[in-house]
file data22.cif (mmCIF, C-alpha atoms and all ligand atoms)
data_entry
#
loop_
_atom_site.label_atom_id
_atom_site.label_comp_id
_atom_site.auth_asym_id
_atom_site.auth_seq_id
_atom_site.Cartn_x
_atom_site.Cartn_y
_atom_site.Cartn_z
CA ARG N 1 -17.54 25.70 -25.35
CA GLU N 2 -19.82 22.78 -24.86
CA HIS N 3 -18.44 19.79 -23.00
CA LEU N 4 -19.55 16.26 -23.79
CA LEU N 5 -19.87 15.54 -20.09
CA SER N 6 -20.16 18.04 -17.31
CA VAL N 7 -20.50 17.07 -13.66
CA LYS N 8 -21.12 19.76 -11.07
CA ASP N 9 -20.88 19.36 -7.30
CA LEU N 10 -22.05 15.75 -7.42
CA LYS N 11 -22.95 14.18 -4.10
CA THR N 12 -23.74 10.47 -4.07
CA TYR N 13 -24.41 8.96 -0.68
CA PHE N 14 -25.08 5.43 0.52
CA HIS N 15 -27.85 4.97 3.03
CA THR N 16 -27.31 1.93 5.22
CA SER N 17 -28.48 0.85 8.64
CA ALA N 18 -25.05 1.89 9.91
CA GLY N 19 -25.50 5.48 8.71
CA ILE N 20 -24.97 7.70 5.70
CA SER N 21 -21.75 7.15 3.82
CA LYS N 22 -20.59 10.08 1.69
CA ALA N 23 -19.12 8.04 -1.14
CA VAL N 24 -18.94 11.05 -3.48
CA ASP N 25 -18.99 14.35 -1.66
CA GLY N 26 -19.05 17.29 -4.04
CA VAL N 27 -17.16 16.34 -7.19
CA SER N 28 -16.99 18.45 -10.37
CA PHE N 29 -15.31 17.85 -13.69
CA THR N 30 -15.80 18.11 -17.44
CA LEU N 31 -14.80 15.88 -20.32
CA ASP N 32 -14.58 16.93 -23.97
CA ARG N 33 -15.20 14.83 -27.04
CA GLY N 34 -12.34 12.51 -27.92
CA LYS N 35 -10.48 13.22 -24.67
CA THR N 36 -9.53 11.01 -21.76
CA LEU N 37 -9.95 11.91 -18.11
CA GLY N 38 -8.26 9.60 -15.64
CA ILE N 39 -9.75 9.28 -12.18
CA VAL N 40 -7.21 7.91 -9.75
CA GLY N 41 -7.47 6.83 -6.16
CA GLU N 42 -7.53 3.88 -3.81
CA SER N 43 -10.53 1.62 -3.58
CA GLY N 44 -13.21 3.44 -1.65
CA SER N 45 -12.09 6.83 -2.97
CA GLY N 46 -15.36 7.26 -4.87
CA LYS N 47 -13.97 6.91 -8.39
CA SER N 48 -16.22 4.04 -9.45
CA VAL N 49 -19.23 5.54 -7.70
CA THR N 50 -18.64 8.79 -9.58
CA ALA N 51 -18.75 6.90 -12.88
CA SER N 52 -21.75 4.81 -11.85
CA SER N 53 -23.57 8.01 -10.93
CA VAL N 54 -23.06 9.38 -14.44
CA ILE N 55 -24.83 6.38 -15.97
CA ARG N 56 -27.17 6.00 -13.00
CA LEU N 57 -26.12 2.46 -12.24
CA LEU N 58 -25.89 2.74 -8.49
CA PRO N 59 -26.55 -0.04 -6.03
CA LYS N 60 -29.94 0.15 -4.29
CA THR N 61 -28.57 1.90 -1.22
CA GLY N 62 -26.88 4.61 -3.26
CA SER N 63 -28.53 7.82 -4.37
CA ILE N 64 -27.58 11.10 -5.95
CA GLU N 65 -28.26 13.67 -3.24
CA SER N 66 -27.48 16.76 -5.25
CA GLY N 67 -25.49 18.10 -8.14
CA GLU N 68 -25.76 18.20 -11.91
CA ILE N 69 -24.72 15.72 -14.56
CA GLU N 70 -25.07 16.79 -18.17
CA PHE N 71 -24.13 14.40 -20.95
CA ASP N 72 -24.37 15.46 -24.59
CA GLY N 73 -26.95 18.09 -23.66
CA LYS N 74 -29.04 15.72 -21.55
CA ASP N 75 -29.78 16.06 -17.86
CA MET N 76 -28.69 12.64 -16.57
CA VAL N 77 -30.01 13.21 -13.06
CA ASN N 78 -33.61 13.71 -14.15
CA ILE N 79 -33.64 11.68 -17.36
CA SER N 80 -36.41 9.13 -17.93
CA MET N 81 -35.55 5.45 -17.59
CA SER N 82 -36.34 4.76 -21.26
CA ASP N 83 -34.02 7.56 -22.46
CA LEU N 84 -31.40 6.32 -20.05
CA LEU N 85 -31.58 2.75 -21.38
CA GLU N 86 -31.25 4.10 -24.90
CA ILE N 87 -28.13 6.09 -24.02
CA ARG N 88 -26.47 3.24 -22.14
CA GLY N 89 -24.87 0.96 -24.64
CA LYS N 90 -25.52 3.21 -27.61
CA ASP N 91 -23.91 6.54 -26.63
CA ILE N 92 -22.14 5.37 -23.51
CA ALA N 93 -20.39 2.03 -23.30
CA MET N 94 -18.86 0.43 -20.24
CA ILE N 95 -15.76 -1.69 -19.93
CA TYR N 96 -15.17 -3.34 -16.57
CA GLN N 97 -12.25 -5.13 -15.00
CA ASP N 98 -13.90 -8.52 -15.36
CA PRO N 99 -15.10 -9.15 -18.93
CA MET N 100 -17.49 -11.77 -17.57
CA THR N 101 -19.53 -8.93 -16.06
CA SER N 102 -20.45 -8.02 -19.63
CA LEU N 103 -20.31 -11.36 -21.46
CA ASP N 104 -22.95 -14.02 -21.03
CA PRO N 105 -21.25 -17.42 -20.65
CA VAL N 106 -24.08 -19.35 -22.29
CA PHE N 107 -24.18 -17.47 -25.61
CA LYS N 108 -21.70 -17.42 -28.44
CA VAL N 109 -19.59 -14.29 -28.82
CA GLY N 110 -21.08 -13.57 -32.24
CA SER N 111 -24.70 -13.75 -31.18
CA GLN N 112 -24.01 -11.45 -28.21
CA MET N 113 -22.41 -8.90 -30.52
CA ILE N 114 -25.18 -9.09 -33.08
CA GLU N 115 -27.85 -8.79 -30.42
CA LEU N 116 -26.21 -5.70 -28.92
CA ILE N 117 -26.06 -3.93 -32.26
CA ARG N 118 -29.64 -4.84 -33.13
CA ALA N 119 -30.89 -3.74 -29.71
CA HIS N 120 -29.78 -0.21 -30.52
CA GLU N 121 -29.88 0.06 -34.29
CA ASN N 122 -32.36 -0.88 -36.93
CA VAL N 123 -30.11 -3.13 -39.03
CA THR N 124 -30.48 -6.62 -40.46
CA LYS N 125 -28.89 -9.61 -38.82
CA GLU N 126 -26.53 -9.92 -41.76
CA GLU N 127 -25.37 -6.29 -41.45
CA ALA N 128 -24.90 -6.67 -37.71
CA ARG N 129 -22.93 -9.85 -38.29
CA LYS N 130 -20.67 -8.16 -40.84
CA ARG N 131 -20.01 -5.26 -38.51
CA SER N 132 -19.28 -7.64 -35.62
CA ILE N 133 -16.71 -9.54 -37.64
CA GLU N 134 -15.15 -6.26 -38.75
CA MET N 135 -14.93 -5.08 -35.12
CA LEU N 136 -13.34 -8.36 -34.02
CA ARG N 137 -10.82 -7.91 -36.79
CA LEU N 138 -10.14 -4.32 -35.66
CA VAL N 139 -9.42 -5.43 -32.10
CA GLY N 140 -6.94 -7.99 -33.36
CA ILE N 141 -8.83 -11.23 -32.87
CA PRO N 142 -7.43 -13.84 -35.24
CA GLU N 143 -9.88 -15.62 -37.53
CA PRO N 144 -12.80 -13.39 -36.55
CA GLU N 145 -15.40 -15.34 -38.56
CA ARG N 146 -14.56 -18.49 -36.66
CA ARG N 147 -14.44 -16.64 -33.31
CA MET N 148 -18.02 -15.52 -33.78
CA ASP N 149 -18.95 -19.11 -32.93
CA SER N 150 -16.82 -19.31 -29.79
CA TYR N 151 -18.20 -19.27 -26.28
CA PRO N 152 -16.56 -16.80 -23.89
CA TYR N 153 -14.94 -19.61 -21.87
CA GLU N 154 -13.06 -20.70 -24.98
CA LEU N 155 -11.19 -17.37 -25.02
CA SER N 156 -8.37 -16.10 -22.80
CA GLY N 157 -8.96 -13.15 -20.45
CA GLY N 158 -7.16 -10.81 -22.82
CA MET N 159 -9.21 -12.05 -25.78
CA CYS N 160 -12.44 -11.62 -23.82
CA GLN N 161 -11.47 -8.04 -22.97
CA ARG N 162 -10.84 -7.45 -26.70
CA VAL N 163 -14.31 -8.80 -27.44
CA ILE N 164 -15.74 -6.40 -24.85
CA ILE N 165 -13.90 -3.51 -26.46
CA ALA N 166 -15.16 -4.63 -29.88
CA MET N 167 -18.71 -4.70 -28.51
CA ALA N 168 -18.28 -1.33 -26.82
CA MET N 169 -16.97 0.23 -30.03
CA SER N 170 -19.42 -1.49 -32.39
CA LEU N 171 -22.07 1.16 -31.74
CA HIS N 172 -19.56 4.01 -32.12
CA PRO N 173 -20.32 5.45 -28.67
CA LYS N 174 -19.44 9.04 -27.85
CA PHE N 175 -18.20 8.04 -24.45
CA ILE N 176 -16.67 5.00 -22.80
CA ILE N 177 -16.37 4.41 -19.09
CA ALA N 178 -13.47 2.08 -18.50
CA ASP N 179 -13.27 0.95 -14.88
CA GLU N 180 -9.94 -0.78 -14.22
CA PRO N 181 -10.14 -2.20 -17.76
CA THR N 182 -6.83 -4.04 -17.65
CA THR N 183 -6.33 -4.81 -13.96
CA ALA N 184 -7.23 -8.47 -14.40
CA LEU N 185 -4.83 -8.98 -17.31
CA ASP N 186 -1.18 -9.88 -17.23
CA VAL N 187 1.20 -7.06 -18.02
CA THR N 188 2.06 -7.65 -21.66
CA VAL N 189 -1.60 -8.11 -22.52
CA GLN N 190 -2.43 -5.07 -20.39
CA SER N 191 -0.39 -2.77 -22.50
CA GLN N 192 -1.66 -4.28 -25.78
CA VAL N 193 -5.24 -3.76 -24.67
CA LEU N 194 -4.53 -0.14 -23.69
CA ASP N 195 -2.86 0.53 -27.05
CA LEU N 196 -5.86 -0.97 -28.75
CA LEU N 197 -8.28 1.19 -26.78
CA GLN N 198 -6.26 4.28 -27.58
CA GLY N 199 -6.13 3.44 -31.28
CA LEU N 200 -9.89 2.96 -31.46
CA GLN N 201 -10.44 6.14 -29.49
CA GLU N 202 -8.50 8.08 -32.11
CA LYS N 203 -10.30 6.36 -34.96
CA PHE N 204 -13.79 7.00 -33.58
CA GLY N 205 -13.24 10.17 -31.55
CA THR N 206 -14.53 8.56 -28.36
CA ALA N 207 -14.17 10.26 -24.99
CA ILE N 208 -12.99 8.00 -22.18
CA LEU N 209 -13.42 8.19 -18.44
CA LEU N 210 -10.63 5.95 -17.23
CA ILE N 211 -10.86 4.73 -13.68
CA THR N 212 -7.74 3.22 -12.23
CA HIS N 213 -5.56 2.97 -9.17
CA ASN N 214 -2.54 2.82 -11.47
CA LEU N 215 -0.90 6.17 -12.22
CA GLY N 216 1.29 4.52 -14.86
CA ILE N 217 -1.83 3.79 -16.91
CA VAL N 218 -3.04 7.35 -16.47
CA TRP N 219 0.29 8.70 -17.66
CA LYS N 220 0.01 6.60 -20.80
CA MET N 221 -3.65 7.27 -21.55
CA ALA N 222 -5.12 10.41 -20.01
CA ASP N 223 -5.19 14.06 -21.05
CA ASP N 224 -6.30 15.15 -17.60
CA VAL N 225 -6.18 13.56 -14.20
CA MET N 226 -8.43 13.88 -11.22
CA VAL N 227 -7.09 12.44 -7.98
CA MET N 228 -9.81 11.40 -5.55
CA TYR N 229 -9.54 10.65 -1.87
CA ALA N 230 -12.38 9.64 0.45
CA GLY N 231 -15.11 10.94 -1.84
CA ARG N 232 -13.53 14.25 -2.76
CA THR N 233 -11.25 15.61 -5.45
CA VAL N 234 -7.91 16.47 -3.92
CA GLU N 235 -6.11 17.45 -7.12
CA HIS N 236 -7.10 17.95 -10.76
CA ALA N 237 -4.85 19.03 -13.61
CA SER N 238 -3.65 18.13 -17.07
CA THR N 239 -1.62 14.95 -16.96
CA GLY N 240 1.61 16.76 -17.87
CA GLU N 241 1.06 19.41 -15.18
CA LEU N 242 0.17 16.86 -12.52
CA TYR N 243 3.33 14.86 -13.09
CA ALA N 244 5.56 17.93 -13.43
CA ASN N 245 4.12 19.87 -10.52
CA PRO N 246 2.10 17.71 -8.15
CA LEU N 247 0.88 19.73 -5.17
CA HIS N 248 -1.19 17.51 -2.91
CA PRO N 249 0.49 15.29 -0.31
CA TYR N 250 -1.75 12.39 -1.33
CA THR N 251 -0.68 12.79 -4.96
CA TRP N 252 2.94 12.79 -3.78
CA GLY N 253 2.27 9.52 -2.03
CA LEU N 254 0.68 8.05 -5.16
CA LEU N 255 3.57 9.18 -7.33
CA ASP N 256 6.13 7.81 -4.89
CA SER N 257 4.41 4.46 -5.02
CA MET N 258 3.70 4.62 -8.73
CA PRO N 259 3.88 1.20 -10.26
CA LYS N 260 5.46 0.75 -13.61
CA LEU N 261 3.17 -0.80 -16.18
CA SER N 262 5.40 -3.81 -15.75
CA ASP N 263 4.89 -4.19 -11.99
CA ASP N 264 2.25 -6.47 -10.74
CA GLU N 265 -0.81 -5.11 -9.10
CA ASP N 266 0.28 -6.00 -5.58
CA ALA N 267 2.96 -3.35 -5.77
CA ASP N 268 0.36 -0.61 -6.18
CA LEU N 269 -0.20 2.07 -3.60
CA LYS N 270 1.46 0.11 -0.84
CA THR N 271 3.67 2.87 0.43
CA ILE N 272 1.16 5.31 1.86
CA PRO N 273 0.72 4.21 5.47
CA GLY N 274 -2.70 4.24 7.08
CA VAL N 275 -6.24 3.74 5.85
CA PRO N 276 -8.89 6.11 4.46
CA PRO N 277 -11.37 7.60 6.94
CA ASP N 278 -14.83 6.29 7.73
CA LEU N 279 -16.96 7.92 5.02
CA ARG N 280 -19.81 8.43 7.49
CA LEU N 281 -17.70 10.88 9.46
CA THR N 282 -16.09 12.98 6.75
CA GLY N 283 -16.74 16.65 6.12
CA THR N 284 -15.26 18.40 9.17
CA CYS N 285 -11.56 18.20 8.39
CA CYS N 286 -9.18 17.43 5.56
CA ASN N 287 -10.07 13.81 4.81
CA PHE N 288 -6.38 13.01 4.46
CA CYS N 289 -5.29 14.52 7.78
CA ASP N 290 -4.82 11.20 9.61
CA ARG N 291 -2.33 10.03 7.02
CA CYS N 292 -0.71 13.28 5.97
CA PRO N 293 2.87 13.88 7.13
CA TYR N 294 2.31 17.66 6.71
CA ALA N 295 -0.93 17.93 8.68
CA LYS N 296 -1.28 21.06 10.81
CA GLU N 297 -3.85 21.90 13.46
CA ILE N 298 -6.06 23.70 10.92
CA CYS N 299 -6.23 20.55 8.79
CA GLU N 300 -8.22 18.90 11.56
CA ARG N 301 -10.89 21.55 11.80
CA GLU N 302 -11.29 22.99 8.32
CA VAL N 303 -12.00 21.25 5.02
CA PRO N 304 -9.56 22.64 2.46
CA PRO N 305 -11.46 24.00 -0.57
CA LEU N 306 -10.47 22.99 -4.08
CA ASN N 307 -8.62 26.08 -5.33
CA GLU N 308 -7.22 26.83 -8.76
CA VAL N 309 -3.56 27.46 -7.97
CA ALA N 310 -2.32 27.66 -11.56
CA PRO N 311 -4.35 27.79 -14.77
CA GLY N 312 -6.32 24.54 -14.91
CA HIS N 313 -4.55 23.13 -11.86
CA PHE N 314 -6.80 22.60 -8.83
CA VAL N 315 -5.75 21.42 -5.41
CA ALA N 316 -7.48 21.05 -2.05
CA CYS N 317 -4.82 21.45 0.62
CA HIS N 318 -4.08 24.04 3.29
CA LEU N 319 -0.44 23.95 2.27
CA GLN N 320 -1.54 25.76 -0.86
CA ASP N 321 -3.91 28.34 0.61
CA GLY N 322 -1.52 29.67 3.23
CA LYS N 323 -3.77 28.63 6.10
CA GLY N 324 -1.52 25.79 7.12
CA GLY N 325 1.11 28.41 7.95
CA LEU N 326 2.92 27.35 4.82
CA VAL N 327 2.86 28.73 1.35
CA ARG N 328 3.36 27.08 -1.98
CA GLY N 329 6.91 26.03 -2.63
CA GLU N 330 7.79 25.98 1.07
CA VAL N 331 7.44 22.24 1.41
CA ASN N 332 10.42 20.20 0.39
CA ARG N 333 9.29 16.69 -0.28
FE1 LIG Y 401 -2.20 17.38 4.54
FE2 LIG Y 401 -3.41 19.47 5.65
FE3 LIG Y 401 -3.05 19.39 3.03
FE4 LIG Y 401 -4.80 17.81 4.21
S1 LIG Y 401 -4.89 20.02 4.10
S2 LIG Y 401 -3.36 17.23 2.65
S3 LIG Y 401 -3.78 17.31 6.12
S4 LIG Y 401 -1.45 19.48 4.62
MG MG Y 402 -13.74 0.35 -8.24
#
call {"tool": "encode", "arguments": {"input": "data22.cif", "output": "structure tokens", "more": "lines below"}}
Ligand code: SF4
Ligand code: MG
result
Amino acid sequence: REHLLSVKDLKTYFHTSAGISKAVDGVSFTLDRGKTLGIVGESGSGKSVTASSVIRLLPKTGSIESGEIEFDGKDMVNISMSDLLEIRGKDIAMIYQDPMTSLDPVFKVGSQMIELIRAHENVTKEEARKRSIEMLRLVGIPEPERRMDSYPYELSGGMCQRVIIAMAMSLHPKFIIADEPTTALDVTVQSQVLDLLQGLQEKFGTAILLITHNLGIVWKMADDVMVMYAGRTVEHASTGELYANPLHPYTWGLLDSMPKLSDDEDADLKTIPGVPPDLRLTGTCCNFCDRCPYAKEICEREVPPLNEVAPGHFVACHLQDGKGGLVRGEVNR
């Protein structure tokens, strides 16, 4: 079976005067058409860098050291810049936390939408305008014709994020990367925007890579979940399996501190004591060992491999490979 996106053993490092930081240190996953993969973790876990690597939008100091990224049959690691620019926007759209990252404050909403469509498709201004209005209508913007003439600052944050989604969907992309798409919005709007995204995904068959620190959002949106910690995948399973049978101590911590969609952001992930390790020094132990209540001696000298412990359920923890002196099921959380 051919996956829309397939990432194999991706390593993306940052080279700074202070040393090499292993932001993404050997991550693999696949995503099929029309499906949603949630990547969850704290800030600094490598979730955004993983997504930026896929579209090759890394900061200057970042580089892909090794690994494979195949999107829709194309080798994204070795692709030419012109092919890459064509794919970005047209086949892959991005939605970020702050809509102002994607909207230009000095141009009207309508002209930005029209320009985007015409940058990627050979259509007349009138056709692009019609499609833009239709998209604004689809995302629930009242009086879309009139809104075409609005400047971004005349719209609320929620409305701006709807415009971004309308723009993202206007080219019928195969794939959307949504990086904390609703974090900046208040809770009622948050859930409306997620419903909207899900509805459009079904209508257009778009695959979504959803990056979030909020497991409540993943539960609502994602088919599969990958939990990242300090640049590595610690657990990966279908959403149902992960919630029913979580196996990694870090996942347990995330679930115990899981915010409801109705909680505010400050409540997120507060209950796991400690901080992630220095990413320059990782790779000799379990990255979570300083914070893990179950850490054994072996955890400090051997990186736990990501093993498939049940069909489609992967976990990287010595509790699950017997080396920690414990076997599966022995831990009572
Ligand atoms: Fe905790 Fe050890 Fe498992 Fe790491 S490998 S999560 S330190 S038990
Ligand atoms: Mg981020």
call {"tool": "residues_near_ligand", "arguments": {"input": "data22.cif", "ligand": "ligand LIG 401 (chain Y)", "cutoff": "7 Å", "atoms": "only C-alpha atoms and all ligand atoms", "output": "list in words"}}
result
His248, Pro249, Tyr250, Cys286, Asn287, Phe288, Cys289, Cys292, Pro293, Tyr294, Ala295, Lys296, Cys299, Pro304, Ala316, Cys317, His318, Leu319 and Gly324 of chain N
call {"tool": "residues_around", "arguments": {"input": "data22.cif", "residues": "segment 143-148 of chain N", "least_positions_apart": "2", "cutoff": "6 Å", "atoms": "all atoms listed in the file", "output": "PyMOL selection string"}}
result
chain N and resi 109-110+133+136-137+141+150
call {"tool": "closest_atom_pairs", "arguments": {"input": "data22.cif", "of": "chain N", "to": "ligand MG 402 (chain Y)", "cutoff": "9 Å", "atoms": "all atoms listed in the file", "output": "tab-separated table"}}
result
residue	atom	partner	partner_atom	distance
N:Glu42	CA	Y:MG402	MG	8.4
N:Ser43	CA	Y:MG402	MG	5.8
N:Gly44	CA	Y:MG402	MG	7.3
N:Ser45	CA	Y:MG402	MG	8.5
N:Gly46	CA	Y:MG402	MG	7.9
N:Lys47	CA	Y:MG402	MG	6.6
N:Ser48	CA	Y:MG402	MG	4.6
N:Val49	CA	Y:MG402	MG	7.6
N:Gln97	CA	Y:MG402	MG	8.8
N:Asp179	CA	Y:MG402	MG	6.7
N:Glu180	CA	Y:MG402	MG	7.2
N:Ile211	CA	Y:MG402	MG	7.6
N:Thr212	CA	Y:MG402	MG	7.8
N:His213	CA	Y:MG402	MG	8.6
call {"tool": "atom_distance", "arguments": {"input": "data22.cif", "atom1": "atom CA of Ser17 of chain N", "atom2": "atom CA of Arg232 of chain N"}}
result
23.1 Å
call {"tool": "axis_aligned_box", "arguments": {"input": "data22.cif", "around": "segment 275-282 of chain N", "padding_each_side": "4 Å", "output": "AutoDock Vina command-line options"}}
result
--center_x -13.0 --center_y 8.4 --center_z 7.0 --size_x 21.6 --size_y 17.2 --size_z 13.0
call {"tool": "atom_distance", "arguments": {"input": "data22.cif", "atom1": "atom CA of Lys22 of chain N", "atom2": "atom CA of Ala310 of chain N"}}
result
28.6 Å
call {"tool": "atom_distance", "arguments": {"input": "data22.cif", "atom1": "atom CA of Gly199 of chain N", "atom2": "atom CA of Val7 of chain N"}}
result
26.5 Å
call {"tool": "closest_residue", "arguments": {"input": "data22.cif", "among": "N:Leu209, N:Leu138, N:Val309, N:Ala119", "to": "Ser52 of chain N", "atoms": "only C-alpha atoms"}}
result
N:Leu209
call {"tool": "closest_residue", "arguments": {"input": "data22.cif", "among": "N:Thr188, N:Thr30, N:Thr36, N:Ser102", "to": "Thr206 of chain N", "atoms": "all atoms listed in the file"}}
result
N:Thr36
call {"tool": "residues_around", "arguments": {"input": "data22.cif", "residues": "Glu202 of chain N", "least_positions_apart": "5", "cutoff": "12 Å", "atoms": "only C-alpha atoms", "output": "MDAnalysis selection string"}}
result
chainID N and resid 33:36 169 172 174 195:197 207:208 221
call {"tool": "residues_around", "arguments": {"input": "data22.cif", "residues": "Lys11 of chain N", "least_positions_apart": "6", "cutoff": "12 Å", "atoms": "only C-alpha atoms", "output": "PyMOL selection string"}}
result
chain N and resi 20-28+46+49-50+53-54+62-69+77+231-233
call {"tool": "residues_near_point", "arguments": {"input": "data22.cif", "point": "(0.0, 22.8, -8.1)", "cutoff": "7 Å", "atoms": "only C-alpha atoms", "output": "list in words"}}
result
Asn245, Pro246, Leu247, Val309, Ala310, His313, Phe314 and Val315 of chain N
call {"tool": "write_last_selection", "arguments": {"input": "data22.cif", "atoms": "C-alpha atoms", "output": "PDB file, in the coordinates of the input"}}
result
ATOM      1  CA  ASN N 245       4.120  19.870 -10.520  1.00  0.00           C
ATOM      2  CA  PRO N 246       2.100  17.710  -8.150  1.00  0.00           C
ATOM      3  CA  LEU N 247       0.880  19.730  -5.170  1.00  0.00           C
ATOM      4  CA  VAL N 309      -3.560  27.460  -7.970  1.00  0.00           C
ATOM      5  CA  ALA N 310      -2.320  27.660 -11.560  1.00  0.00           C
ATOM      6  CA  HIS N 313      -4.550  23.130 -11.860  1.00  0.00           C
ATOM      7  CA  PHE N 314      -6.800  22.600  -8.830  1.00  0.00           C
ATOM      8  CA  VAL N 315      -5.750  21.420  -5.410  1.00  0.00           C
TER       9      VAL N 315
END
call {"tool": "closest_residue", "arguments": {"input": "data22.cif", "among": "N:Leu185, N:Leu254, N:Val123, N:Met100", "to": "Val163 of chain N", "atoms": "only C-alpha atoms"}}
result
N:Met100
call {"tool": "residues_around", "arguments": {"input": "data22.cif", "residues": "Ser238 of chain N", "least_positions_apart": "6", "cutoff": "9 Å", "atoms": "only C-alpha atoms", "output": "VMD selection string"}}
result
chain N and resid 37 222 to 226 312 to 313
call {"tool": "closest_residue", "arguments": {"input": "data22.cif", "among": "N:Ile176, N:Pro99, N:Leu255, N:Gly19", "to": "Ser156 of chain N", "atoms": "only C-alpha atoms"}}
result
N:Pro99
